[in-house]
Amino acid sequence: LEEGFTSLEQGVNETSDKSHLEYNTNESSPLKYSISKSHRYMESVKSVLSDVSDVIVTEGIVKHEELGYSGTVDCVARYKGELCVIDWKTSTKPKPHLKDLHDYPLQAVAYAGAINNDTTFNFKVQSALIVVVYHTGSEAHVHWLDSDKCQEYWEKWLDRLNQFQT
């Protein structure tokens, strides 16, 4: 793993019907993985974590002032060397195809758009990763949105936002 990424601790917050993975970094300890509630979530996601490095943001509030929306991005880090928004999802049903994700890609590109518009962030992201983790321990499904796919979903996001705001 690249320098600066030395710990990724994970927990599952099951306070609602949809579980949510939380991520924290700690630069003073060796890389370790821990998970509360279910070891099976960890089994599901462990193959993805080796490709994640240089975590910059975890559970960060993002706001797009010009378009008037905000949210909390799960993570901004490098995946296989490329800086991206990472959106961690849990599911009881397999979601092997992008079409199975419904509006998750819109959410991921909305976070990216907010980050890219916010001058408090000193970086830009052009891609997104949606990782669907399973309570059964089945291998997580990884959905990569390259810059072209992000642009396609960004246009859809703008249409959706326009419908909501009018």
# chains A, B, ... in the order shown; residues from 1 in each chain; ligands from 1
call {"tool": "residues_around", "arguments": {"residues": "stretch 40-42 of chain A", "least_positions_apart": "5", "cutoff": "6 Å", "atoms": "only C-alpha atoms", "output": "PDB file with N, CA and C atoms, in the first residue's frame"}}
result
ATOM      1  N   TYR A 134     -21.905  -7.644   1.183  1.00  0.00           N
ATOM      2  CA  TYR A 134     -22.993  -8.556   1.536  1.00  0.00           C
ATOM      3  C   TYR A 134     -22.836  -9.153   2.936  1.00  0.00           C
ATOM      4  N   HIS A 135     -23.960  -9.238   3.637  1.00  0.00           N
ATOM      5  CA  HIS A 135     -23.976  -9.774   4.998  1.00  0.00           C
ATOM      6  C   HIS A 135     -23.680 -11.271   5.032  1.00  0.00           C
ATOM      7  N   THR A 136     -23.766 -11.933   3.898  1.00  0.00           N
ATOM      8  CA  THR A 136     -23.502 -13.366   3.811  1.00  0.00           C
ATOM      9  C   THR A 136     -22.012 -13.674   3.737  1.00  0.00           C
ATOM     10  N   GLY A 137     -21.209 -12.654   3.469  1.00  0.00           N
ATOM     11  CA  GLY A 137     -19.782 -12.856   3.270  1.00  0.00           C
ATOM     12  C   GLY A 137     -19.426 -13.080   1.810  1.00  0.00           C
TER      13      GLY A 137
END
call {"tool": "select_by_dssp", "arguments": {"residues": "stretch 119-150 of chain A", "states": "alpha helix (DSSP H)", "output": "MDAnalysis selection string"}}
result
chainID A and resid 147:150
call {"tool": "write_last_selection", "arguments": {"atoms": "N, CA and C atoms", "output": "compact mmCIF listing (two decimals), in the first residue's frame"}}
result
# COMPACT_ATOMS: atom_id res chain seq x y z
N SER A 147 -14.30 8.28 -16.00
CA SER A 147 -14.69 9.67 -16.23
C SER A 147 -15.82 9.79 -17.25
N ASP A 148 -15.81 8.96 -18.28
CA ASP A 148 -16.89 9.02 -19.27
C ASP A 148 -18.23 8.59 -18.66
N LYS A 149 -18.20 7.52 -17.89
CA LYS A 149 -19.43 7.04 -17.25
C LYS A 149 -19.91 8.05 -16.20
N CYS A 150 -18.97 8.66 -15.49
CA CYS A 150 -19.35 9.70 -14.52
C CYS A 150 -20.01 10.87 -15.23
call {"tool": "atom_distance", "arguments": {"atom1": "atom CA of A:Arg78", "atom2": "atom CA of A:Ala112"}}
result
13.6 Å
call {"tool": "select_by_dssp", "arguments": {"residues": "stretch 25-123 of chain A", "states": "strand (DSSP E)", "output": "mmCIF file with N, CA and C atoms, in the first residue's frame"}}
result
data_model
loop_
_atom_site.group_PDB
_atom_site.id
_atom_site.type_symbol
_atom_site.label_atom_id
_atom_site.label_comp_id
_atom_site.auth_asym_id
_atom_site.auth_seq_id
_atom_site.Cartn_x
_atom_site.Cartn_y
_atom_site.Cartn_z
ATOM 1 N N VAL A 52 -7.406 -0.196 -2.264
ATOM 2 C CA VAL A 52 -7.731 1.150 -1.783
ATOM 3 C C VAL A 52 -6.520 1.706 -1.044
ATOM 4 N N SER A 53 -6.141 2.944 -1.381
ATOM 5 C CA SER A 53 -5.001 3.583 -0.720
ATOM 6 C C SER A 53 -5.236 5.088 -0.639
ATOM 7 N N ASP A 54 -4.366 5.752 0.075
ATOM 8 C CA ASP A 54 -4.360 7.221 0.163
ATOM 9 C C ASP A 54 -5.737 7.798 0.466
ATOM 10 N N VAL A 55 -6.326 7.354 1.550
ATOM 11 C CA VAL A 55 -7.634 7.869 1.949
ATOM 12 C C VAL A 55 -7.492 9.343 2.306
ATOM 13 N N ILE A 56 -8.301 10.190 1.669
ATOM 14 C CA ILE A 56 -8.245 11.637 1.886
ATOM 15 C C ILE A 56 -9.427 12.113 2.708
ATOM 16 N N VAL A 57 -10.599 11.559 2.446
ATOM 17 C CA VAL A 57 -11.822 11.980 3.124
ATOM 18 C C VAL A 57 -12.586 10.746 3.558
ATOM 19 N N THR A 58 -13.110 10.773 4.781
ATOM 20 C CA THR A 58 -14.044 9.757 5.238
ATOM 21 C C THR A 58 -15.220 10.465 5.883
ATOM 22 N N GLU A 59 -16.416 10.044 5.499
ATOM 23 C CA GLU A 59 -17.645 10.629 6.037
ATOM 24 C C GLU A 59 -17.573 12.159 6.007
ATOM 25 N N GLY A 60 -17.233 12.697 4.855
ATOM 26 C CA GLY A 60 -17.052 14.141 4.694
ATOM 27 C C GLY A 60 -18.299 14.822 4.153
ATOM 28 N N ILE A 61 -18.630 15.943 4.738
ATOM 29 C CA ILE A 61 -19.762 16.728 4.257
ATOM 30 C C ILE A 61 -19.329 17.497 3.020
ATOM 31 N N VAL A 62 -20.117 17.374 1.960
ATOM 32 C CA VAL A 62 -19.835 18.080 0.709
ATOM 33 C C VAL A 62 -21.063 18.905 0.342
ATOM 34 N N LYS A 63 -20.793 20.049 -0.272
ATOM 35 C CA LYS A 63 -21.896 20.936 -0.646
ATOM 36 C C LYS A 63 -21.577 21.589 -1.980
ATOM 37 N N HIS A 64 -22.565 21.563 -2.860
ATOM 38 C CA HIS A 64 -22.436 22.247 -4.143
ATOM 39 C C HIS A 64 -23.241 23.533 -4.029
ATOM 40 N N TYR A 69 -27.162 21.716 -3.342
ATOM 41 C CA TYR A 69 -27.359 20.419 -2.686
ATOM 42 C C TYR A 69 -26.130 20.080 -1.845
ATOM 43 N N SER A 70 -26.323 19.186 -0.901
ATOM 44 C CA SER A 70 -25.222 18.745 -0.052
ATOM 45 C C SER A 70 -25.440 17.293 0.341
ATOM 46 N N GLY A 71 -24.420 16.695 0.901
ATOM 47 C CA GLY A 71 -24.514 15.314 1.350
ATOM 48 C C GLY A 71 -23.252 14.921 2.096
ATOM 49 N N THR A 72 -23.181 13.664 2.460
ATOM 50 C CA THR A 72 -22.016 13.134 3.165
ATOM 51 C C THR A 72 -21.412 12.020 2.331
ATOM 52 N N VAL A 73 -20.226 12.271 1.818
ATOM 53 C CA VAL A 73 -19.521 11.285 1.004
ATOM 54 C C VAL A 73 -18.859 10.273 1.933
ATOM 55 N N ASP A 74 -18.968 8.996 1.586
ATOM 56 C CA ASP A 74 -18.363 7.949 2.408
ATOM 57 C C ASP A 74 -16.850 8.065 2.437
ATOM 58 N N CYS A 75 -16.255 8.210 1.251
ATOM 59 C CA CYS A 75 -14.805 8.138 1.177
ATOM 60 C C CYS A 75 -14.306 8.747 -0.133
ATOM 61 N N VAL A 76 -13.159 9.385 -0.060
ATOM 62 C CA VAL A 76 -12.393 9.756 -1.252
ATOM 63 C C VAL A 76 -11.009 9.168 -1.035
ATOM 64 N N ALA A 77 -10.597 8.336 -1.974
ATOM 65 C CA ALA A 77 -9.312 7.650 -1.854
ATOM 66 C C ALA A 77 -8.877 7.212 -3.245
ATOM 67 N N ARG A 78 -7.742 6.583 -3.300
ATOM 68 C CA ARG A 78 -7.286 6.007 -4.559
ATOM 69 C C ARG A 78 -7.750 4.556 -4.616
ATOM 70 N N TYR A 79 -8.280 4.193 -5.775
ATOM 71 C CA TYR A 79 -8.625 2.808 -6.060
ATOM 72 C C TYR A 79 -7.788 2.398 -7.257
ATOM 73 N N GLU A 82 -6.114 5.391 -8.820
ATOM 74 C CA GLU A 82 -6.868 6.550 -9.326
ATOM 75 C C GLU A 82 -7.749 7.147 -8.221
ATOM 76 N N LEU A 83 -7.612 8.457 -8.038
ATOM 77 C CA LEU A 83 -8.409 9.159 -7.036
ATOM 78 C C LEU A 83 -9.877 9.125 -7.428
ATOM 79 N N CYS A 84 -10.746 8.773 -6.472
ATOM 80 C CA CYS A 84 -12.173 8.656 -6.784
ATOM 81 C C CYS A 84 -13.019 8.785 -5.526
ATOM 82 N N VAL A 85 -14.295 9.029 -5.745
ATOM 83 C CA VAL A 85 -15.296 8.921 -4.696
ATOM 84 C C VAL A 85 -15.554 7.433 -4.513
ATOM 85 N N ILE A 86 -15.611 6.979 -3.266
ATOM 86 C CA ILE A 86 -15.982 5.591 -2.995
ATOM 87 C C ILE A 86 -17.259 5.607 -2.173
ATOM 88 N N ASP A 87 -18.254 4.911 -2.673
ATOM 89 C CA ASP A 87 -19.530 4.809 -1.977
ATOM 90 C C ASP A 87 -19.716 3.348 -1.577
ATOM 91 N N TRP A 88 -19.731 3.099 -0.276
ATOM 92 C CA TRP A 88 -19.874 1.750 0.258
ATOM 93 C C TRP A 88 -21.352 1.478 0.504
ATOM 94 N N LYS A 89 -21.860 0.392 -0.022
ATOM 95 C CA LYS A 89 -23.256 0.005 0.152
ATOM 96 C C LYS A 89 -23.319 -1.412 0.693
ATOM 97 N N THR A 90 -24.326 -1.683 1.495
ATOM 98 C CA THR A 90 -24.587 -3.051 1.924
ATOM 99 C C THR A 90 -25.901 -3.487 1.304
ATOM 100 N N SER A 91 -26.012 -4.787 1.078
ATOM 101 C CA SER A 91 -27.225 -5.297 0.452
ATOM 102 C C SER A 91 -27.446 -6.746 0.851
#
call {"tool": "closest_residue", "arguments": {"among": "A:Gln163, A:Ala140, A:Ser127, A:His39", "to": "A:Ile115", "atoms": "only C-alpha atoms"}}
result
A:Ser127
call {"tool": "residues_around", "arguments": {"residues": "A:His97", "least_positions_apart": "2", "cutoff": "10 Å", "atoms": "only C-alpha atoms", "output": "PyMOL selection string"}}
result
chain A and resi 94-95+99-101+141-143
call {"tool": "closest_residue", "arguments": {"among": "A:Asn117, A:Val131, A:Glu155, A:Lys46", "to": "A:Glu65", "atoms": "only C-alpha atoms"}}
result
A:Asn117
call {"tool": "residues_around", "arguments": {"residues": "A:Leu161", "least_positions_apart": "4", "cutoff": "9 Å", "atoms": "only C-alpha atoms", "output": "number ranges by chain"}}
result
A: 67, 69, 156-157, 165-166
call {"tool": "write_last_selection", "arguments": {"atoms": "N, CA, C and O atoms", "output": "PDB file, in the first residue's frame"}}
result
ATOM      1  N   LEU A  67     -25.397  24.686  -7.216  1.00  0.00           N
ATOM      2  CA  LEU A  67     -26.568  23.873  -7.544  1.00  0.00           C
ATOM      3  C   LEU A  67     -27.480  23.635  -6.342  1.00  0.00           C
ATOM      4  O   LEU A  67     -28.575  23.100  -6.501  1.00  0.00           O
ATOM      5  N   TYR A  69     -27.162  21.716  -3.342  1.00  0.00           N
ATOM      6  CA  TYR A  69     -27.359  20.419  -2.686  1.00  0.00           C
ATOM      7  C   TYR A  69     -26.130  20.080  -1.845  1.00  0.00           C
ATOM      8  O   TYR A  69     -25.054  20.639  -2.033  1.00  0.00           O
ATOM      9  N   LYS A 156     -27.442  12.915 -16.067  1.00  0.00           N
ATOM     10  CA  LYS A 156     -28.687  12.381 -15.494  1.00  0.00           C
ATOM     11  C   LYS A 156     -28.973  13.014 -14.134  1.00  0.00           C
ATOM     12  O   LYS A 156     -30.129  13.301 -13.809  1.00  0.00           O
ATOM     13  N   TRP A 157     -27.907  13.217 -13.344  1.00  0.00           N
ATOM     14  CA  TRP A 157     -28.067  13.858 -12.038  1.00  0.00           C
ATOM     15  C   TRP A 157     -28.587  15.287 -12.202  1.00  0.00           C
ATOM     16  O   TRP A 157     -29.488  15.707 -11.494  1.00  0.00           O
ATOM     17  N   GLN A 165     -35.998  20.638  -8.326  1.00  0.00           N
ATOM     18  CA  GLN A 165     -35.968  22.050  -7.964  1.00  0.00           C
ATOM     19  C   GLN A 165     -37.043  22.878  -8.655  1.00  0.00           C
ATOM     20  O   GLN A 165     -37.246  24.030  -8.300  1.00  0.00           O
ATOM     21  N   THR A 166     -37.715  22.323  -9.674  1.00  0.00           N
ATOM     22  CA  THR A 166     -38.769  23.099 -10.358  1.00  0.00           C
ATOM     23  C   THR A 166     -40.150  22.671  -9.929  1.00  0.00           C
ATOM     24  O   THR A 166     -40.383  21.735  -9.268  1.00  0.00           O
TER      25      THR A 166
END
call {"tool": "closest_residue", "arguments": {"among": "A:Trp154, A:Val109, A:Asn162, A:Trp144", "to": "A:Val132", "atoms": "only C-alpha atoms"}}
result
A:Trp144
